[in-house]
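The file entry_23.txt comes next; it holds compact mmCIF, C-alpha atoms.
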```
# COMPACT_ATOMS: atom_id res chain seq x y z
CA MET U 1 -82.15 182.11 -23.47
CA LEU U 2 -85.10 183.93 -22.08
CA ILE U 3 -83.51 184.07 -18.66
CA LEU U 4 -80.36 185.61 -20.07
CA VAL U 5 -82.24 188.41 -21.77
CA ILE U 6 -84.44 189.13 -18.76
CA ILE U 7 -81.43 189.34 -16.46
CA ALA U 8 -79.70 191.69 -18.88
CA GLU U 9 -82.67 193.98 -19.44
CA LEU U 10 -83.38 194.12 -15.71
CA ILE U 11 -79.85 195.29 -14.97
CA GLY U 12 -80.46 197.92 -17.62
CA THR U 13 -78.10 200.61 -18.78
CA ILE U 14 -75.44 201.59 -16.30
CA ASN U 15 -73.68 204.94 -16.53
CA ILE U 16 -70.31 205.27 -14.92
CA PRO U 17 -69.24 208.92 -14.87
CA LEU U 18 -65.48 209.29 -15.10
CA THR U 19 -65.18 213.06 -15.30
CA LYS U 20 -67.67 215.84 -15.94
CA ASP U 21 -67.86 215.16 -19.68
CA VAL U 22 -66.83 211.55 -20.00
CA SER U 23 -68.90 208.67 -18.77
CA ILE U 24 -68.83 205.00 -19.69
CA THR U 25 -72.15 203.55 -20.66
CA ILE U 26 -72.60 199.82 -20.32
CA MET U 27 -75.67 198.55 -22.12
CA PRO U 28 -77.73 195.36 -21.67
CA LEU U 29 -76.46 193.94 -24.93
CA ILE U 30 -72.99 193.60 -23.45
CA TYR U 31 -74.25 191.48 -20.56
CA THR U 32 -76.18 189.06 -22.74
CA ILE U 33 -73.21 188.27 -24.92
CA ILE U 34 -71.02 187.71 -21.88
CA LEU U 35 -73.73 185.75 -20.05
CA GLY U 36 -74.32 183.62 -23.15
CA LEU U 37 -70.63 182.83 -23.34
CA VAL U 38 -70.31 182.19 -19.61
CA PHE U 39 -73.38 179.92 -19.59
CA TYR U 40 -71.87 177.88 -22.40
CA LEU U 41 -68.42 177.67 -20.88
CA ALA U 42 -69.71 176.83 -17.39
CA LYS U 43 -70.06 173.17 -18.24
CA PRO U 44 -72.08 172.21 -15.12
CA ILE U 45 -75.07 173.95 -16.68
CA LYS U 46 -76.27 171.12 -18.87
CA TRP U 47 -78.94 172.80 -20.93
CA ILE U 48 -76.71 175.04 -22.96
CA GLN U 49 -74.39 172.44 -24.35
CA ARG U 50 -73.05 171.74 -27.79
CA LYS U 51 -76.47 170.96 -29.22
CA GLN U 52 -77.82 174.32 -28.12
CA ALA U 53 -74.73 175.99 -29.55
CA ARG U 54 -75.35 174.31 -32.90
CA ILE U 55 -78.96 175.45 -32.97
CA ALA U 56 -77.83 178.96 -32.12
CA GLU U 57 -75.48 178.93 -35.10
CA GLY U 58 -78.09 177.77 -37.59
CA ALA U 59 -80.70 180.16 -36.31
CA MET U 60 -78.26 183.06 -36.67
CA MET U 61 -79.06 183.54 -40.35
CA LEU U 62 -82.73 184.11 -39.56
CA PHE U 63 -82.07 186.46 -36.66
CA ILE U 64 -79.69 188.54 -38.74
CA GLY U 65 -82.55 188.81 -41.22
CA VAL U 66 -84.84 190.27 -38.56
CA LEU U 67 -82.15 192.81 -37.69
CA ILE U 68 -81.70 193.80 -41.34
CA ALA U 69 -85.47 194.10 -41.81
CA LYS U 70 -85.66 196.56 -38.91
CA LEU U 71 -82.81 198.65 -40.37
CA ALA U 72 -84.32 198.59 -43.85
CA ILE U 73 -87.62 199.93 -42.55
CA SER U 74 -85.77 202.81 -40.87
CA SER U 75 -84.03 203.69 -44.13
CA GLY U 76 -87.23 203.58 -46.17
CA GLN U 77 -88.85 205.86 -43.64
CA SER U 78 -86.15 208.54 -43.85
CA ILE U 79 -85.31 208.31 -47.54
CA HIS U 80 -86.19 211.97 -48.13
CA LEU U 81 -83.46 213.01 -45.65
CA ILE U 82 -80.88 211.23 -47.75
CA PHE U 83 -81.79 213.47 -50.69
CA GLU U 84 -81.92 216.64 -48.58
CA MET U 85 -78.67 216.42 -46.67
CA GLY U 86 -76.23 216.90 -49.51
CA PRO U 87 -73.08 215.19 -50.70
CA ALA U 88 -70.92 215.44 -47.58
CA LEU U 89 -73.05 213.01 -45.58
CA ILE U 90 -73.00 210.37 -48.30
CA LEU U 91 -69.38 210.77 -49.34
CA GLN U 92 -68.09 210.61 -45.77
CA GLU U 93 -69.39 207.06 -45.71
CA LEU U 94 -66.63 206.28 -48.20
CA GLY U 95 -64.20 207.48 -45.54
CA HIS U 96 -64.98 204.28 -43.65
CA LEU U 97 -63.01 202.46 -46.35
CA ALA U 98 -59.93 203.62 -44.45
CA THR U 99 -60.23 200.47 -42.32
CA ILE U 100 -58.69 198.52 -45.21
CA LEU U 101 -55.41 200.35 -44.49
CA VAL U 102 -55.18 198.20 -41.36
CA LEU U 103 -55.03 194.99 -43.45
CA PRO U 104 -51.22 195.00 -43.90
CA ILE U 105 -50.79 195.41 -40.15
CA ALA U 106 -53.15 192.48 -39.53
CA LEU U 107 -51.07 190.35 -41.94
CA LEU U 108 -47.83 191.35 -40.22
CA LEU U 109 -49.33 190.31 -36.89
CA GLY U 110 -49.93 186.83 -38.28
CA PHE U 111 -53.59 186.82 -39.28
CA LYS U 112 -54.62 184.96 -42.44
CA GLU U 113 -58.13 185.02 -43.87
CA GLU U 114 -59.36 186.31 -40.50
CA ALA U 115 -57.92 189.64 -41.65
CA ILE U 116 -60.52 189.90 -44.42
CA GLY U 117 -63.28 189.80 -41.84
CA MET U 118 -61.41 192.10 -39.49
CA THR U 119 -60.51 195.01 -41.73
CA ASN U 120 -63.30 195.27 -44.32
CA SER U 121 -65.31 197.50 -41.99
CA ILE U 122 -65.73 198.52 -38.36
CA GLY U 123 -67.28 195.12 -37.66
CA ARG U 124 -70.64 196.09 -36.16
CA GLU U 125 -73.94 194.20 -36.48
CA PRO U 126 -74.66 194.78 -40.20
CA ASN U 127 -71.03 194.07 -41.11
CA VAL U 128 -71.09 190.84 -39.12
CA ALA U 129 -74.23 189.92 -41.03
CA VAL U 130 -72.55 190.58 -44.39
CA VAL U 131 -69.46 188.53 -43.54
CA VAL U 132 -71.39 185.58 -42.05
CA ASP U 133 -73.70 185.58 -45.04
CA LYS U 134 -70.85 185.58 -47.55
CA PHE U 135 -68.40 183.18 -45.92
CA GLY U 136 -70.51 181.07 -43.54
CA PHE U 137 -70.52 180.96 -39.76
CA ASN U 138 -67.50 178.69 -39.33
CA SER U 139 -65.16 180.44 -41.77
CA PRO U 140 -61.95 182.22 -40.71
CA GLN U 141 -63.41 185.46 -42.08
CA SER U 142 -66.38 185.20 -39.70
CA ARG U 143 -64.08 184.43 -36.79
CA GLY U 144 -62.22 187.62 -37.67
CA VAL U 145 -65.27 189.83 -37.80
CA PHE U 146 -66.65 188.28 -34.59
CA ALA U 147 -63.37 189.02 -32.84
CA ILE U 148 -63.58 192.67 -33.90
CA PHE U 149 -67.25 192.77 -32.95
CA ILE U 150 -66.73 191.32 -29.46
CA ILE U 151 -63.71 193.48 -28.67
CA GLY U 152 -65.42 196.51 -30.17
CA THR U 153 -68.51 195.88 -28.04
CA VAL U 154 -66.49 195.75 -24.86
CA ILE U 155 -63.85 198.44 -25.36
CA GLY U 156 -65.21 200.35 -28.41
CA THR U 157 -67.36 202.79 -26.46
CA ILE U 158 -64.60 203.69 -24.05
CA PHE U 159 -61.97 203.85 -26.75
CA ILE U 160 -63.90 206.10 -29.11
CA SER U 161 -64.79 208.68 -26.46
CA PHE U 162 -61.10 208.87 -25.60
CA LEU U 163 -60.18 209.10 -29.29
CA VAL U 164 -62.70 211.86 -29.99
CA THR U 165 -61.64 213.91 -26.97
CA LEU U 166 -58.02 213.82 -28.15
CA SER U 167 -58.85 214.55 -31.80
CA LEU U 168 -60.96 217.57 -30.91
CA SER U 169 -57.98 219.28 -29.33
CA PHE U 170 -55.41 218.31 -31.98
CA LEU U 171 -57.24 218.24 -35.33
CA PRO U 172 -58.53 221.50 -36.87
CA LEU U 173 -61.50 219.96 -38.68
CA HIS U 174 -64.95 221.37 -39.39
CA PRO U 175 -67.35 220.88 -36.43
CA TYR U 176 -69.85 219.19 -38.75
CA ALA U 177 -67.11 216.80 -39.89
CA PHE U 178 -66.64 215.67 -36.31
CA ALA U 179 -70.39 215.29 -35.97
CA MET U 180 -70.72 213.22 -39.13
CA ALA U 181 -67.73 211.05 -38.30
CA SER U 182 -69.25 210.03 -34.98
CA GLY U 183 -71.85 208.01 -36.90
CA VAL U 184 -69.66 204.94 -37.22
CA GLY U 185 -72.58 202.53 -37.36
CA SER U 186 -72.89 201.61 -33.71
CA ALA U 187 -75.46 203.23 -31.46
CA SER U 188 -73.33 203.11 -28.32
CA MET U 189 -70.15 204.30 -30.06
CA ASN U 190 -72.16 207.05 -31.73
CA ALA U 191 -73.41 208.28 -28.36
CA ALA U 192 -69.92 208.06 -26.89
CA ALA U 193 -68.47 210.12 -29.75
CA ILE U 194 -71.14 212.85 -29.63
CA GLY U 195 -70.59 213.70 -25.95
CA PRO U 196 -67.15 215.32 -26.23
CA THR U 197 -68.04 216.88 -29.62
CA LEU U 198 -71.01 218.71 -28.09
CA ALA U 199 -68.85 219.95 -25.24
CA ALA U 200 -66.21 221.28 -27.66
CA PHE U 201 -68.60 223.37 -29.76
CA PRO U 202 -71.11 224.98 -27.41
CA GLY U 203 -74.12 226.60 -29.06
CA MET U 204 -74.22 224.14 -31.94
CA GLU U 205 -75.91 221.28 -30.11
CA THR U 206 -78.89 220.87 -32.43
CA SER U 207 -77.00 220.71 -35.70
CA ILE U 208 -74.30 218.42 -34.29
CA GLU U 209 -76.89 216.02 -32.94
CA ALA U 210 -78.79 216.06 -36.23
CA PHE U 211 -75.71 215.31 -38.33
CA ALA U 212 -74.38 212.69 -35.93
CA GLY U 213 -77.68 210.83 -35.69
CA PHE U 214 -78.31 210.84 -39.40
CA SER U 215 -74.77 209.84 -40.25
CA ASN U 216 -75.13 206.83 -37.98
CA LEU U 217 -78.35 205.88 -39.72
CA LEU U 218 -76.54 206.21 -43.04
CA SER U 219 -73.72 204.02 -41.78
CA PHE U 220 -76.31 201.39 -40.99
CA CYS U 221 -78.33 201.54 -44.21
CA VAL U 222 -75.96 202.85 -46.92
CA GLY U 223 -72.77 201.68 -45.23
CA ILE U 224 -73.81 198.07 -45.61
CA TYR U 225 -73.99 198.43 -49.39
CA ILE U 226 -70.62 200.17 -49.48
CA VAL U 227 -69.25 197.17 -47.60
CA ILE U 228 -70.92 194.62 -49.92
CA PHE U 229 -70.04 196.30 -53.21
CA ILE U 230 -66.81 198.22 -52.52
CA ALA U 231 -65.07 197.43 -49.24
CA MET U 232 -65.40 193.65 -49.32
CA PRO U 233 -64.12 193.10 -52.89
CA LEU U 234 -61.34 195.64 -52.25
CA THR U 235 -60.29 193.95 -49.02
CA GLU U 236 -60.19 190.53 -50.68
CA LYS U 237 -58.14 191.84 -53.63
CA LEU U 238 -55.65 193.51 -51.33
CA TYR U 239 -55.45 190.37 -49.18
CA TYR U 240 -54.62 188.02 -52.06
CA TRP U 241 -52.11 190.53 -53.41
CA LEU U 242 -50.36 191.26 -50.10
CA GLU U 243 -50.64 187.93 -48.30
CA PRO U 244 -47.92 186.09 -50.29
CA LYS U 245 -45.62 189.09 -49.83
CA ILE U 246 -45.86 189.96 -46.14
CA GLY U 247 -48.01 187.15 -44.66
CA LYS U 248 -46.61 185.45 -41.56
CA GLU U 249 -47.24 181.97 -40.20
CA SER U 250 -50.87 181.73 -39.16
CA ILE U 251 -51.14 182.25 -35.42
CA VAL U 252 -54.51 180.53 -35.25
CA GLU U 253 -53.26 177.27 -36.83
CA LYS U 254 -50.05 177.29 -34.80
CA LYS U 255 -51.95 177.58 -31.56
CA MET U 256 -54.30 174.72 -32.47
CA GLU U 257 -51.40 172.42 -33.42
CA ASP U 258 -49.77 173.09 -30.06
CA GLU U 259 -52.74 171.78 -28.17
CA MET A 1 -82.83 171.49 -36.23
CA ALA A 2 -79.80 173.55 -37.20
CA ASP A 3 -78.97 171.22 -40.07
CA PHE A 4 -82.10 172.21 -41.90
CA ILE A 5 -81.10 175.84 -41.92
CA ASP A 6 -77.39 175.32 -42.48
CA GLY A 7 -77.25 172.65 -45.09
CA SER A 8 -80.36 172.34 -47.18
CA GLU A 9 -80.33 174.15 -50.48
CA ASN A 10 -83.89 173.15 -51.22
CA VAL A 11 -86.77 174.42 -49.19
CA THR A 12 -88.78 171.64 -47.60
CA VAL A 13 -92.03 172.10 -45.73
CA HIS A 14 -90.26 170.79 -42.65
CA GLY A 15 -87.46 173.35 -43.15
CA ILE A 16 -89.88 176.25 -43.40
CA LEU A 17 -91.73 175.09 -40.28
CA ASN A 18 -88.40 175.06 -38.46
CA TRP A 19 -87.66 178.60 -39.59
CA ILE A 20 -91.07 179.76 -38.43
CA LEU A 21 -90.66 178.04 -35.07
CA LEU A 22 -87.26 179.66 -34.53
CA LEU A 23 -88.58 183.08 -35.52
CA VAL A 24 -91.55 182.74 -33.16
CA ILE A 25 -89.26 181.83 -30.25
CA PHE A 26 -86.94 184.70 -31.17
CA SER A 27 -89.86 187.15 -31.42
CA ILE A 28 -91.29 186.17 -28.03
CA ILE A 29 -87.94 186.59 -26.29
CA THR A 30 -87.35 189.93 -28.02
CA VAL A 31 -90.80 191.22 -27.10
CA ILE A 32 -90.30 190.31 -23.44
CA GLY A 33 -86.89 192.02 -23.42
CA ASN A 34 -88.41 194.98 -25.24
CA TYR A 35 -91.13 195.25 -22.57
CA ILE A 36 -88.75 195.00 -19.62
CA GLY A 37 -86.12 197.33 -21.09
CA TYR A 38 -88.24 199.96 -22.82
CA GLU A 39 -91.83 199.35 -21.60
CA HIS A 40 -93.33 199.17 -25.06
CA PRO A 41 -96.75 197.42 -25.01
CA MET A 42 -96.26 193.71 -25.65
CA ALA A 43 -99.12 193.29 -28.13
CA ASP A 44 -97.91 196.10 -30.38
CA SER A 45 -94.30 195.00 -30.40
CA LEU A 46 -95.39 191.42 -31.08
CA VAL A 47 -97.11 192.65 -34.25
CA GLY A 48 -93.91 194.56 -35.07
CA MET A 49 -91.80 191.43 -34.67
CA GLY A 50 -94.35 189.55 -36.77
CA ILE A 51 -93.82 192.01 -39.63
CA LEU A 52 -90.03 191.75 -39.34
CA SER A 53 -90.16 187.95 -39.19
CA LEU A 54 -92.38 187.78 -42.25
CA ILE A 55 -89.98 189.97 -44.25
CA THR A 56 -87.10 187.74 -43.14
CA LEU A 57 -88.94 184.56 -44.17
CA ILE A 58 -89.73 185.97 -47.60
CA GLY A 59 -86.13 187.15 -48.05
CA VAL A 60 -84.56 183.83 -47.02
CA TRP A 61 -87.08 181.94 -49.15
CA MET A 62 -86.31 184.15 -52.17
CA GLU A 63 -82.58 183.53 -51.78
CA ARG A 64 -83.15 179.76 -51.93
CA GLU A 65 -85.81 179.67 -54.62
CA LEU A 66 -84.91 182.40 -57.10
CA PRO A 67 -82.19 181.60 -59.63
CA PHE A 68 -80.08 184.69 -58.87
CA ASN A 69 -76.98 184.61 -56.70
CA ILE A 70 -78.21 187.42 -54.46
CA SER A 71 -77.90 187.38 -50.68
CA SER A 72 -81.06 187.26 -48.58
CA ILE A 73 -79.81 190.44 -46.88
CA LEU A 74 -80.40 192.39 -50.09
CA TYR A 75 -83.88 190.93 -50.61
CA ILE A 76 -84.79 191.70 -47.01
CA SER A 77 -83.42 195.27 -47.29
CA ILE A 78 -85.29 195.98 -50.51
CA ILE A 79 -88.60 194.67 -49.14
CA GLY A 80 -88.09 196.64 -45.91
CA ILE A 81 -87.28 199.92 -47.68
CA LEU A 82 -90.17 199.55 -50.12
CA ILE A 83 -92.89 198.90 -47.56
CA ALA A 84 -91.69 201.80 -45.38
CA LEU A 85 -91.38 204.44 -48.11
CA PRO A 86 -93.52 207.51 -47.36
CA GLY A 87 -96.62 207.34 -49.53
CA MET A 88 -96.75 203.56 -49.71
CA PRO A 89 -100.13 202.32 -48.42
CA THR A 90 -98.28 199.98 -46.06
CA SER A 91 -95.98 202.59 -44.52
CA ASP A 92 -98.17 203.97 -41.69
CA PHE A 93 -99.09 200.51 -40.43
CA VAL A 94 -95.56 199.12 -40.71
CA LEU A 95 -93.85 202.18 -39.17
CA TYR A 96 -96.17 202.28 -36.17
CA TYR A 97 -95.75 198.66 -35.17
CA VAL A 98 -92.07 198.29 -36.07
CA SER A 99 -91.23 201.46 -34.13
CA GLN A 100 -92.53 199.62 -31.04
CA VAL A 101 -89.59 197.22 -31.35
CA GLU A 102 -86.32 198.85 -30.28
CA LEU A 103 -83.34 197.95 -32.44
CA LEU A 104 -81.37 197.40 -29.25
CA SER A 105 -83.88 194.78 -28.02
CA ILE A 106 -83.32 192.75 -31.17
CA VAL A 107 -79.59 193.20 -30.88
CA THR A 108 -79.62 192.09 -27.24
CA VAL A 109 -81.31 188.77 -28.01
CA PHE A 110 -79.19 188.31 -31.12
CA LEU A 111 -76.05 188.80 -29.06
CA ALA A 112 -77.06 186.16 -26.53
CA TYR A 113 -77.07 183.72 -29.45
CA VAL A 114 -73.73 185.05 -30.67
CA GLY A 115 -72.36 184.52 -27.15
CA ILE A 116 -73.59 180.92 -27.04
CA GLY A 117 -72.41 180.17 -30.58
CA MET A 118 -69.08 181.75 -29.70
CA GLY A 119 -68.53 179.37 -26.80
CA LYS A 120 -67.77 176.66 -29.32
CA SER A 121 -64.93 178.63 -30.88
CA TRP A 122 -63.67 179.99 -27.56
CA ASP A 123 -60.22 178.44 -27.95
CA GLU A 124 -59.72 180.08 -31.31
CA PHE A 125 -60.84 183.37 -29.85
CA LYS A 126 -58.22 183.06 -27.18
CA ALA A 127 -55.68 182.46 -29.93
CA LEU A 128 -56.68 185.79 -31.51
CA GLY A 129 -55.65 187.47 -28.26
CA TRP A 130 -53.97 190.85 -27.94
CA ARG A 131 -53.28 191.07 -31.66
CA ALA A 132 -57.02 191.21 -32.32
CA VAL A 133 -57.34 193.99 -29.74
CA VAL A 134 -54.66 195.99 -31.58
CA ILE A 135 -56.48 195.50 -34.90
CA THR A 136 -59.86 196.44 -33.37
CA VAL A 137 -58.50 199.69 -31.99
CA LEU A 138 -56.86 200.55 -35.33
CA VAL A 139 -60.02 199.69 -37.25
CA ILE A 140 -62.21 201.92 -35.07
CA ALA A 141 -59.71 204.77 -35.28
CA SER A 142 -59.34 204.54 -39.06
CA THR A 143 -63.08 204.40 -39.70
CA TYR A 144 -63.55 207.51 -37.53
CA TYR A 145 -60.71 209.50 -39.07
CA GLY A 146 -61.56 208.34 -42.59
CA ALA A 147 -65.09 209.66 -42.27
CA ALA A 148 -64.03 212.86 -40.46
CA ILE A 149 -61.43 213.79 -43.06
CA VAL A 150 -63.66 213.07 -46.09
CA ALA A 151 -66.53 215.01 -44.48
CA HIS A 152 -64.21 217.93 -43.73
CA VAL A 153 -62.88 218.10 -47.30
CA ILE A 154 -66.37 217.95 -48.83
CA LEU A 155 -67.73 220.57 -46.41
CA VAL A 156 -64.87 222.95 -47.22
CA LEU A 157 -65.18 222.34 -50.97
CA THR A 158 -68.92 222.97 -50.94
CA GLY A 159 -68.35 226.11 -48.89
CA VAL A 160 -70.27 225.28 -45.73
CA PRO A 161 -69.18 227.99 -43.26
CA ALA A 162 -67.38 226.77 -40.14
CA VAL A 163 -69.79 228.85 -38.02
```
Take the structure in this file and express it as structure tokens.
Amino acid sequence: MLILVIIAELIGTINIPLTKDVSITIMPLIYTIILGLVFYLAKPIKWIQRKQARIAEGAMMLFIGVLIAKLAISSGQSIHLIFEMGPALILQELGHLATILVLPIALLLGFKEEAIGMTNSIGREPNVAVVVDKFGFNSPQSRGVFAIFIIGTVIGTIFISFLVTLSLSFLPLHPYAFAMASGVGSASMNAAAIGPTLAAFPGMETSIEAFAGFSNLLSFCVGIYIVIFIAMPLTEKLYYWLEPKIGKESIVEKKMEDE
Amino acid sequence: MADFIDGSENVTVHGILNWILLLVIFSIITVIGNYIGYEHPMADSLVGMGILSLITLIGVWMERELPFNISSILYISIIGILIALPGMPTSDFVLYYVSQVELLSIVTVFLAYVGIGMGKSWDEFKALGWRAVVITVLVIASTYYGAAIVAHVILVLTGVPAV
């Protein structure tokens, strides 16, 4: 464990510049997850075997708690900002509910209850915590949210900077709207989304950074309650309504029967 | 060790000791990562992790012991927000030490555990395959556009000039 983290932190953050404005940032957290996985899968290494994996699972609940505690302290600290910044910042958090629109597509692609975990939110740390807490570590829902989390961690940063660059040239939205939208609830994706936005609206750096940073904080602290009280119940309702109608044969079960 | 955390509905002394042990190990690893990655002083960030661990313990304990069906996440959030509110006697102390622990340091250690735990379900992850990648991309795009469009509408309605 310790060795994994030390290796990752020593490598540090790597910036790979692609063009003048776009660069890919790879952060230590990506190495640890991959190293953890590789260490488990590389069976010759005896000391991370099934037992260790089981301990890791059980301990997860506690470690998520530590993460949530850190986030809660940040929100308490900046509570006055929430009152100052006006309705747009808070209401745009409801815009994140748009992920539920992906649920029918997930069903058509053959996902079952995994889809509930996949489409209730963007699937970052706090969302993973909510899903694991509600359904348990070994549930299909948690598998779904972990899949989104892992894939999002690896390609999310690259994808969102590409997405933002395109949107800036094609969508005539308010500059502040772009700034607020970049706070999706992931520090690395937030940073990746701000870059092109700053370049597109020169002279507005300070306000864009302020809105983007605060919106991301909101996504972390308010967004989690939107997920618990609105997005999650809504996703489940839609799932049980749509699944009998357009659900396909479960691809996860099929694959396991084949083996 | 994991069984105590997974299964038991009732809190035993042994269970609580296990939680504390796990949190201590987790804190030490985080603090070392925090020092290497961000060069925050170890002693200060250890106090910070101590505060966070204590809040977690109380939250998890409340979930098990109190008769309400409320997730420990909510208890932990409420305690965290309350003790950090400006004007609370605890806030200066808590904010100083907790600010010494970078969120990303916690996340990094947490992810190592996710990676190890994931190894067990690796085959199922492979089964998710390209379809999951398609869904991930759509989810990220829809969350971004959802927020952008709502923010734009509200900004226009409330008459914030486009500068």
Practice problem: Select, from U:Ala106, U:Ile246, U:Val145, U:Ala212, the residue with the minimum atom-to-atom distance to chain A, counting all atoms listed in the file. | Solution: U:Ala106
Practice problem: Quick one: pull the distance between atom CA of A:Ile135 and atom CA of U:Ile230, Å, one decimal. | Solution: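 So the answer is 20.6 Å.
When only C-alpha atoms are used to measure the gap to A:Val60, the shortest distance among U:Ile73, U:Pro126, U:Asn120, U:Asp133 belongs to U:Asp133.
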Exercise. Compare U:Ala72, U:Val227, U:Leu171, U:Met61 by their minimum atom-to-atom distance to chain A, counting only C-alpha atoms, and give me the closest one.
Key: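 When distances to chain A are compared using only C-alpha atoms, the smallest one comes from U:Ala72.
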Quiz item: So, counting all atoms listed in the file, which residue among U:Ala147, U:Gly203, U:Ser139, U:Pro104 is closest to chain A?
Solution: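 Closest to chain A of all the choices is U:Ala147.
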Practice problem: Tell me which protein, DNA and RNA residues are within 7 Å of stretch 25-31 of chain A, counting only C-alpha atoms, leaving out same-chain ones fewer than 5 positions away, and put them as a list in words. | Solution: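 Neighbouring residues, sequence-local ones excluded: Leu2 of chain U; Met42, Ser45, Leu46, Met49, Ser105, Ile106 and Val109 of chain A.
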Quiz item: What is the atom CA of A:Tyr97 to atom CA of A:Leu54 distance in Å?
Solution: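 It comes out at 13.4 Å.
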